[in-house]
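Structure file coords_2.cif (mmCIF, N, CA and C atoms and all ligand atoms) is printed below.
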data_entry
#
loop_
_atom_site.label_atom_id
_atom_site.label_comp_id
_atom_site.auth_asym_id
_atom_site.auth_seq_id
_atom_site.Cartn_x
_atom_site.Cartn_y
_atom_site.Cartn_z
N MET A 1 18.39 -9.22 -12.13
CA MET A 1 17.15 -8.61 -11.67
C MET A 1 16.39 -9.58 -10.76
N LYS A 2 15.96 -9.08 -9.63
CA LYS A 2 15.21 -9.92 -8.69
C LYS A 2 13.87 -10.32 -9.30
N ASP A 3 13.35 -11.49 -8.90
CA ASP A 3 12.00 -11.81 -9.35
C ASP A 3 10.99 -11.79 -8.22
N GLU A 4 11.48 -11.50 -7.00
CA GLU A 4 10.52 -11.26 -5.92
C GLU A 4 11.11 -10.26 -4.92
N ILE A 5 10.22 -9.59 -4.22
CA ILE A 5 10.64 -8.60 -3.23
C ILE A 5 9.92 -8.88 -1.91
N THR A 6 10.43 -8.29 -0.86
CA THR A 6 9.82 -8.46 0.46
C THR A 6 9.27 -7.12 0.93
N ILE A 7 8.04 -7.13 1.37
CA ILE A 7 7.39 -5.93 1.90
C ILE A 7 6.99 -6.24 3.34
N THR A 8 7.21 -5.32 4.23
CA THR A 8 6.81 -5.52 5.63
C THR A 8 5.59 -4.66 5.92
N VAL A 9 4.59 -5.27 6.53
CA VAL A 9 3.33 -4.57 6.80
C VAL A 9 2.97 -4.69 8.28
N LYS A 10 2.69 -3.53 8.88
CA LYS A 10 2.18 -3.50 10.25
C LYS A 10 0.67 -3.34 10.14
N ASP A 11 -0.07 -4.22 10.82
CA ASP A 11 -1.52 -4.10 10.74
C ASP A 11 -2.06 -3.18 11.83
N GLN A 12 -3.37 -3.01 11.89
CA GLN A 12 -3.99 -2.07 12.82
C GLN A 12 -3.81 -2.48 14.28
N ASP A 13 -3.46 -3.75 14.53
CA ASP A 13 -3.22 -4.19 15.90
C ASP A 13 -1.74 -4.17 16.25
N GLY A 14 -0.92 -3.68 15.33
CA GLY A 14 0.51 -3.59 15.60
C GLY A 14 1.27 -4.86 15.27
N ASN A 15 0.59 -5.86 14.68
CA ASN A 15 1.29 -7.08 14.28
C ASN A 15 2.08 -6.84 13.00
N ILE A 16 3.26 -7.43 12.93
CA ILE A 16 4.14 -7.25 11.78
C ILE A 16 4.06 -8.48 10.87
N HIS A 17 3.88 -8.23 9.57
CA HIS A 17 3.79 -9.32 8.59
C HIS A 17 4.85 -9.11 7.52
N GLU A 18 5.59 -10.16 7.19
CA GLU A 18 6.55 -10.10 6.09
C GLU A 18 5.90 -10.73 4.87
N LEU A 19 5.75 -9.97 3.81
CA LEU A 19 5.08 -10.48 2.62
C LEU A 19 6.10 -10.64 1.49
N ILE A 20 6.06 -11.80 0.85
CA ILE A 20 6.91 -12.02 -0.32
C ILE A 20 6.07 -11.74 -1.56
N CYS A 21 6.58 -10.90 -2.43
CA CYS A 21 5.82 -10.53 -3.62
C CYS A 21 6.55 -10.94 -4.89
N PRO A 22 5.98 -11.89 -5.65
CA PRO A 22 6.55 -12.22 -6.97
C PRO A 22 6.26 -11.06 -7.92
N LEU A 23 7.28 -10.60 -8.62
CA LEU A 23 7.10 -9.38 -9.43
C LEU A 23 6.40 -9.62 -10.75
N GLU A 24 6.50 -10.85 -11.28
CA GLU A 24 5.98 -11.05 -12.65
C GLU A 24 4.46 -10.96 -12.72
N MET A 25 3.79 -10.95 -11.56
CA MET A 25 2.33 -10.89 -11.60
C MET A 25 1.79 -9.48 -11.69
N GLY A 26 2.64 -8.48 -11.55
CA GLY A 26 2.19 -7.10 -11.68
C GLY A 26 1.19 -6.68 -10.62
N LEU A 27 1.45 -7.08 -9.37
CA LEU A 27 0.51 -6.79 -8.29
C LEU A 27 0.66 -5.36 -7.78
N SER A 28 -0.45 -4.84 -7.29
CA SER A 28 -0.38 -3.59 -6.53
C SER A 28 -0.14 -3.94 -5.06
N LEU A 29 0.21 -2.93 -4.29
CA LEU A 29 0.40 -3.14 -2.85
C LEU A 29 -0.91 -3.64 -2.21
N LYS A 30 -2.02 -3.14 -2.70
CA LYS A 30 -3.34 -3.61 -2.21
C LYS A 30 -3.54 -5.08 -2.56
N ASP A 31 -3.23 -5.47 -3.78
CA ASP A 31 -3.40 -6.87 -4.20
C ASP A 31 -2.59 -7.79 -3.30
N LEU A 32 -1.37 -7.37 -2.98
CA LEU A 32 -0.49 -8.19 -2.15
C LEU A 32 -1.07 -8.35 -0.75
N CYS A 33 -1.53 -7.25 -0.16
CA CYS A 33 -2.12 -7.33 1.18
C CYS A 33 -3.34 -8.22 1.19
N LYS A 34 -4.15 -8.15 0.15
CA LYS A 34 -5.34 -9.00 0.03
C LYS A 34 -4.93 -10.47 -0.13
N ALA A 35 -3.91 -10.72 -0.93
CA ALA A 35 -3.46 -12.10 -1.15
C ALA A 35 -3.03 -12.74 0.16
N TYR A 36 -2.48 -11.96 1.05
CA TYR A 36 -2.07 -12.46 2.37
C TYR A 36 -3.19 -12.35 3.40
N GLU A 37 -4.36 -11.92 2.95
CA GLU A 37 -5.54 -11.80 3.82
C GLU A 37 -5.30 -10.90 5.02
N LEU A 38 -4.59 -9.82 4.79
CA LEU A 38 -4.39 -8.83 5.85
C LEU A 38 -5.65 -7.98 5.97
N PRO A 39 -5.83 -7.33 7.12
CA PRO A 39 -7.06 -6.56 7.35
C PRO A 39 -7.05 -5.21 6.63
N MET A 40 -7.06 -5.26 5.32
CA MET A 40 -7.19 -4.05 4.51
C MET A 40 -8.49 -4.19 3.73
N GLU A 41 -9.41 -3.27 3.93
CA GLU A 41 -10.74 -3.44 3.32
C GLU A 41 -10.70 -3.36 1.79
N ALA A 42 -10.16 -2.27 1.27
CA ALA A 42 -10.08 -2.09 -0.18
C ALA A 42 -11.42 -2.37 -0.86
N MET A 43 -12.45 -1.72 -0.34
CA MET A 43 -13.82 -2.01 -0.78
C MET A 43 -14.08 -1.81 -2.26
N CYS A 44 -13.44 -0.84 -2.87
CA CYS A 44 -13.74 -0.56 -4.28
C CYS A 44 -12.93 -1.45 -5.21
N GLY A 45 -12.10 -2.31 -4.66
CA GLY A 45 -11.36 -3.25 -5.48
C GLY A 45 -10.21 -2.62 -6.26
N GLY A 46 -9.77 -1.47 -5.84
CA GLY A 46 -8.60 -0.86 -6.49
C GLY A 46 -8.93 0.20 -7.51
N MET A 47 -10.14 0.74 -7.46
CA MET A 47 -10.57 1.72 -8.44
C MET A 47 -10.28 3.17 -8.02
N ALA A 48 -9.58 3.35 -6.93
CA ALA A 48 -9.30 4.69 -6.39
C ALA A 48 -10.60 5.45 -6.10
N MET A 49 -11.53 4.77 -5.45
CA MET A 49 -12.81 5.39 -5.11
C MET A 49 -13.14 5.35 -3.62
N CYS A 50 -12.57 4.41 -2.87
CA CYS A 50 -13.05 4.21 -1.49
C CYS A 50 -12.09 4.69 -0.40
N ALA A 51 -10.81 4.72 -0.70
CA ALA A 51 -9.75 5.08 0.26
C ALA A 51 -9.65 4.13 1.45
N THR A 52 -10.28 2.95 1.37
CA THR A 52 -10.13 2.00 2.48
C THR A 52 -8.87 1.14 2.32
N CYS A 53 -8.04 1.48 1.37
CA CYS A 53 -6.71 0.84 1.26
C CYS A 53 -5.64 1.81 1.76
N HIS A 54 -6.06 2.81 2.53
CA HIS A 54 -5.15 3.82 3.06
C HIS A 54 -4.06 3.19 3.91
N CYS A 55 -2.82 3.57 3.64
CA CYS A 55 -1.71 3.10 4.47
C CYS A 55 -0.69 4.21 4.64
N TYR A 56 0.19 4.02 5.61
CA TYR A 56 1.29 4.95 5.83
C TYR A 56 2.59 4.28 5.42
N ILE A 57 3.41 5.02 4.72
CA ILE A 57 4.72 4.51 4.34
C ILE A 57 5.68 4.81 5.49
N LEU A 58 6.27 3.76 6.06
CA LEU A 58 7.13 3.96 7.23
C LEU A 58 8.60 4.13 6.86
N ASN A 59 8.97 3.82 5.63
CA ASN A 59 10.37 4.05 5.23
C ASN A 59 10.45 4.41 3.75
N GLU A 60 11.49 5.10 3.38
CA GLU A 60 11.92 5.26 1.99
C GLU A 60 10.81 5.62 1.01
N THR A 61 10.13 6.70 1.29
CA THR A 61 9.09 7.15 0.38
C THR A 61 9.63 7.51 -1.00
N SER A 62 10.93 7.77 -1.07
CA SER A 62 11.50 8.22 -2.34
C SER A 62 11.45 7.16 -3.42
N MET A 63 11.32 5.88 -3.04
CA MET A 63 11.30 4.86 -4.09
C MET A 63 9.90 4.65 -4.67
N LEU A 64 8.95 5.39 -4.17
CA LEU A 64 7.59 5.25 -4.69
C LEU A 64 7.30 6.31 -5.73
N PRO A 65 6.45 5.99 -6.70
CA PRO A 65 6.04 6.99 -7.67
C PRO A 65 5.22 8.09 -6.98
N GLU A 66 5.20 9.25 -7.57
CA GLU A 66 4.42 10.37 -7.04
C GLU A 66 2.94 10.00 -6.97
N LYS A 67 2.22 10.65 -6.05
CA LYS A 67 0.77 10.45 -6.00
C LYS A 67 0.11 11.04 -7.23
N GLY A 68 -0.89 10.35 -7.72
CA GLY A 68 -1.69 10.90 -8.80
C GLY A 68 -2.73 11.87 -8.25
N ASP A 69 -3.38 12.61 -9.12
CA ASP A 69 -4.37 13.61 -8.68
C ASP A 69 -5.54 12.97 -7.94
N ILE A 70 -6.00 11.82 -8.42
CA ILE A 70 -7.15 11.17 -7.79
C ILE A 70 -6.77 10.67 -6.41
N GLU A 71 -5.58 10.09 -6.31
CA GLU A 71 -5.09 9.61 -5.01
C GLU A 71 -4.98 10.79 -4.04
N GLU A 72 -4.39 11.86 -4.49
CA GLU A 72 -4.23 13.06 -3.68
C GLU A 72 -5.59 13.56 -3.20
N ALA A 73 -6.56 13.61 -4.09
CA ALA A 73 -7.89 14.13 -3.76
C ALA A 73 -8.59 13.25 -2.73
N LEU A 74 -8.51 11.93 -2.92
CA LEU A 74 -9.16 11.02 -1.97
C LEU A 74 -8.52 11.13 -0.59
N LEU A 75 -7.20 11.17 -0.56
CA LEU A 75 -6.51 11.25 0.74
C LEU A 75 -6.84 12.55 1.46
N SER A 76 -7.06 13.61 0.70
CA SER A 76 -7.33 14.91 1.32
C SER A 76 -8.69 14.93 2.02
N GLU A 77 -9.53 13.94 1.72
CA GLU A 77 -10.85 13.89 2.37
C GLU A 77 -10.86 13.10 3.68
N LEU A 78 -9.76 12.44 4.00
CA LEU A 78 -9.71 11.63 5.21
C LEU A 78 -9.20 12.46 6.39
N PHE A 79 -9.66 12.11 7.58
CA PHE A 79 -9.18 12.80 8.78
C PHE A 79 -7.85 12.25 9.26
N THR A 80 -7.52 11.05 8.80
CA THR A 80 -6.34 10.35 9.32
C THR A 80 -5.13 10.49 8.40
N THR A 81 -5.22 11.32 7.38
CA THR A 81 -4.14 11.44 6.41
C THR A 81 -2.92 12.15 7.01
N LEU A 82 -1.75 11.59 6.73
CA LEU A 82 -0.46 12.17 7.13
C LEU A 82 0.35 12.39 5.85
N PRO A 83 1.46 13.12 5.95
CA PRO A 83 2.32 13.28 4.76
C PRO A 83 2.75 11.93 4.17
N SER A 84 2.85 10.90 5.00
CA SER A 84 3.29 9.58 4.53
C SER A 84 2.15 8.72 3.99
N SER A 85 0.95 9.28 3.91
CA SER A 85 -0.20 8.47 3.48
C SER A 85 -0.17 8.15 1.99
N ARG A 86 -0.59 6.94 1.66
CA ARG A 86 -0.78 6.54 0.27
C ARG A 86 -2.00 5.62 0.19
N LEU A 87 -2.49 5.45 -1.03
CA LEU A 87 -3.51 4.44 -1.28
C LEU A 87 -2.81 3.22 -1.87
N ALA A 88 -2.93 2.10 -1.18
CA ALA A 88 -2.17 0.91 -1.58
C ALA A 88 -2.55 0.41 -2.97
N CYS A 89 -3.77 0.69 -3.40
CA CYS A 89 -4.18 0.19 -4.72
C CYS A 89 -3.54 0.99 -5.85
N GLN A 90 -2.97 2.13 -5.52
CA GLN A 90 -2.37 2.98 -6.56
C GLN A 90 -0.86 2.78 -6.66
N ILE A 91 -0.35 1.81 -5.93
CA ILE A 91 1.10 1.55 -5.97
C ILE A 91 1.35 0.19 -6.60
N GLN A 92 1.89 0.19 -7.80
CA GLN A 92 2.27 -1.05 -8.48
C GLN A 92 3.64 -1.46 -7.97
N LEU A 93 3.78 -2.67 -7.49
CA LEU A 93 5.04 -3.09 -6.88
C LEU A 93 6.10 -3.37 -7.94
N THR A 94 7.28 -2.83 -7.70
CA THR A 94 8.42 -3.03 -8.60
C THR A 94 9.64 -3.41 -7.77
N ALA A 95 10.70 -3.82 -8.47
CA ALA A 95 11.94 -4.24 -7.79
C ALA A 95 12.49 -3.13 -6.90
N ALA A 96 12.25 -1.88 -7.25
CA ALA A 96 12.76 -0.75 -6.47
C ALA A 96 12.13 -0.68 -5.09
N MET A 97 11.04 -1.38 -4.88
CA MET A 97 10.32 -1.29 -3.60
C MET A 97 10.67 -2.40 -2.63
N ASP A 98 11.69 -3.18 -2.95
CA ASP A 98 12.12 -4.23 -2.02
C ASP A 98 12.46 -3.59 -0.67
N GLY A 99 11.92 -4.16 0.40
CA GLY A 99 12.22 -3.64 1.74
C GLY A 99 11.26 -2.56 2.21
N LEU A 100 10.27 -2.25 1.42
CA LEU A 100 9.28 -1.23 1.81
C LEU A 100 8.59 -1.65 3.12
N PHE A 101 8.31 -0.68 3.96
CA PHE A 101 7.67 -0.93 5.26
C PHE A 101 6.46 -0.02 5.35
N ILE A 102 5.28 -0.60 5.49
CA ILE A 102 4.06 0.20 5.55
C ILE A 102 3.22 -0.15 6.77
N GLU A 103 2.32 0.72 7.10
CA GLU A 103 1.35 0.45 8.16
C GLU A 103 -0.05 0.66 7.59
N ILE A 104 -0.94 -0.27 7.81
CA ILE A 104 -2.32 -0.12 7.35
C ILE A 104 -3.02 0.89 8.27
N ALA A 105 -3.67 1.88 7.69
CA ALA A 105 -4.29 2.94 8.49
C ALA A 105 -5.62 2.48 9.07
N HIS A 106 -6.00 3.09 10.19
CA HIS A 106 -7.36 2.95 10.71
C HIS A 106 -8.21 3.96 9.94
N ASN A 107 -9.24 3.52 9.29
CA ASN A 107 -10.04 4.50 8.54
C ASN A 107 -11.30 4.87 9.31
S1 LIG B 1 -9.07 -0.01 -2.93
FE1 LIG B 1 -10.47 1.63 -3.00
S2 LIG B 1 -9.22 3.36 -3.18
FE2 LIG B 1 -7.81 1.74 -3.07
#
Conversion result in structure tokens:
Amino acid sequence: MKDEITITVKDQDGNIHELICPLEMGLSLKDLCKAYELPMEAMCGGMAMCATCHCYILNETSMLPEKGDIEEALLSELFTTLPSSRLACQIQLTAAMDGLFIEIAHN
């Protein structure tokens, strides 16, 4: 079993960042982006209240857990939501997500 995974993140300016995520810390995708100081606001701190951790999944959405009702509801209120939209704070990173590629949304 791997103990770390790599996630690729495109920021709002189109810059690509490769993030290494140690799995034993139980980080969310939002936590990881914050740890690397990427431009993701995440104002509510991961409480599924602000939607400023909005991102688009650019590959392999099938390895992610289904959206929860709260996540679905928050995303439905944004003008920038696409079928690939997720809230990064609602995604707990696991070994299955190695190689995930996301883009931080403009909110
Ligand atoms: S950090 Fe606020 S909804 Fe994700």
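Omitting Leu29 in chain A and its sequence neighbours fewer than 3 positions away, and counting only C-alpha atoms, the residues within 7 Å are A:Leu32, A:Cys33, A:Ala88, A:Cys89, A:Ile91, A:Gln92, A:Leu93.
Taking only chain A, the residues that DSSP calls alpha helix (DSSP H) from the backbone come to Leu29, Lys30, Asp31, Leu32, Cys33, Lys34, Ala35, Asp69, Ile70, Glu71, Glu72, Ala73, Leu74, Leu75 and Ser76 of chain A.
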Contacts of chain A with ligand LIG 1 (chain B) up to 6.5 Å, shortest pair per row, all atoms listed in the file, as a tab-separated table:
residue	atom	partner	partner_atom	distance
A:Glu41	C	B:LIG1	S1	6.0
A:Ala42	CA	B:LIG1	S1	3.6
A:Met43	N	B:LIG1	S1	4.6
A:Cys44	N	B:LIG1	FE1	3.9
A:Gly45	N	B:LIG1	S1	4.2
A:Gly46	N	B:LIG1	S1	3.3
A:Met47	N	B:LIG1	FE1	4.6
A:Ala48	CA	B:LIG1	S2	3.5
A:Met49	N	B:LIG1	S2	3.5
A:Cys50	N	B:LIG1	FE1	3.5
A:Ala51	N	B:LIG1	S2	3.2
A:Thr52	N	B:LIG1	FE1	4.6
A:Cys53	N	B:LIG1	FE2	4.5
A:His54	N	B:LIG1	FE2	6.0
A:Leu87	C	B:LIG1	FE2	5.4
A:Ala88	N	B:LIG1	FE2	5.2
A:Cys89	N	B:LIG1	FE2	4.2
A:Gln90	N	B:LIG1	FE2	5.4
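Atom pair atom N of Lys2 in chain A / atom N of Ala95 in chain A: separated by 7.5 Å.
Compared by their closest atoms to Leu58 in chain A, and using only C-alpha atoms, the residues A:Ala35, A:Ala105, A:Leu74, A:Leu19 rank with A:Ala105 nearest.
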Shell around Glu18 in chain A at 7 Å using all atoms listed in the file, local window under 3 positions removed, as a PyMOL selection string: chain A and resi 6-9
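Residues in contact with His106 in chain A at up to 7 Å, not including ones fewer than 2 positions away on its chain and judged by only N, CA and C atoms, are Gln12, His54, Thr80, Glu103 and Ile104 of chain A.
With distances taken over all atoms listed in the file, A:Ile102 is the one residue among A:Ile5, A:Met25, A:Met97, A:Ile102 lying closest to Ile57 in chain A.
A straight line drawn from CA of Gly26 in chain A to atom C of Gly99 in chain A is 17.2 Å long.
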Which distance in Å separates atom C of Gly14 in chain A and CA of Ala73 in chain A, to one decimal? 28.4 Å
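Residue nearest Lys67 in chain A, chosen from A:Arg86, A:Phe79, A:Glu24, A:Thr94 and counting only N, CA and C atoms: A:Arg86.
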